[in-house]
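Here's the structure we're looking at; comments come further down.
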Amino acid sequence: MPHCSECGCDLPTFETVCSKCYDARYAGMGRPKHFLESMQQFLANPLRLTAEDLLQEEKVTLPVALACWGGGLLICWFGGLARADFKCSASSDEVFSGALICVLISLGATLALARTNGKLHWRIASTVFAVSSWGVMGFLYIGSR
């Protein structure tokens, strides 16, 4: 017996969405959204993750996750080096403090973006951390010039 792709209830025929979910989905198509409604929708799902994206959540592999998190940390270390204007040694306190700033900003962006309704999705969080650390490192690099 088929199930509704929205709410999971049983469907009597070969439909993919029940009539209640269909009506709810297409009821507001013609009217513009209020600012607060749009903001609430964005805050609940910032990356606009779909059900198909979340089904791939189980397919995360450890090497990919380690590569994203390790690469992000390495990028943050380079951001710390850029923040020190490449004048300090790679293991100096100034470089590590810059890298810590980069890691904290990247983690904040990851926690803010890689979630839907308060649930963090680790596969997506790994990618978001790598990308956001690249962005923060670029900001630190440009700021050092």
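Within each chain, counting starts at residue 1; across the structure tokens, chains are named A, B, ... in the order shown, with ligands numbered 1 upward in that order.
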Next item on the list: Mind listing the helix (DSSP H, G or I) residues of chain A, per DSSP on the backbone, as JSON, numbers by chain?
Entry: {"A": [19, 20, 21, 22, 23, 24, 25, 26, 35, 36, 37, 38, 39, 40, 41, 42, 43, 44, 51, 52, 53, 54, 55, 56, 57, 58, 59, 62, 63, 64, 65, 66, 67, 68, 69, 70, 71, 72, 73, 74, 75, 76, 77, 78, 79, 80, 81, 82, 83, 93, 94, 95, 96, 97, 98, 99, 100, 101, 102, 103, 104, 105, 106, 107, 108, 109, 110, 111, 112, 113, 122, 123, 124, 125, 126, 127, 128, 129, 130, 131, 132, 133, 134, 135, 136, 137, 138, 139, 140, 141, 142, 143, 144]}
Next item on the list: Pick out the residues sitting within 12 Å of region 124-141 of chain A, and hand them over as a PyMOL selection string; count only C-alpha atoms, and ignore anything fewer than 6 positions along from it in its own chain.
Entry: chain A and resi 46-49+53-86+95+98-116
Check: Where does DSSP see strand (DSSP E or B) in chain A, if you list the residues as a list in words?
Finding: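 Result set for chain A (strand (DSSP E or B)): His3, Asp10, Arg115, Thr116, Lys119 and Leu120 of chain A.
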Note to self: Using only C-alpha atoms, which protein or nucleic acid residues come within 12 Å of Thr13 (chain A)? Drop anything in the same chain fewer than 4 positions from it, and give the result as number ranges by chain.
What the structure shows: A: 1-4, 17-19
Item checked: Interatomic distance, CA of Asp23 (chain A) to CA of Glu6 (chain A) (Å, one decimal) ->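 We find that CA of Asp23 (chain A) and CA of Glu6 (chain A) lie 11.7 Å from each other.
With distances restricted to only C-alpha atoms, A:Ser5 is the closest residue to Glu52 (chain A) from A:Ser91, A:Cys21, A:Ser5, A:Ile142.
The coordinates place CA of Ser38 (chain A) at 16.9 Å from CA of Thr50 (chain A).
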Next item on the list: For CA of Ala27 (chain A) and CA of Phe14 (chain A), determine how far apart the two atoms are, in Å to one decimal place.
Entry: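 Computing it gives 22.5 Å between the two atoms.
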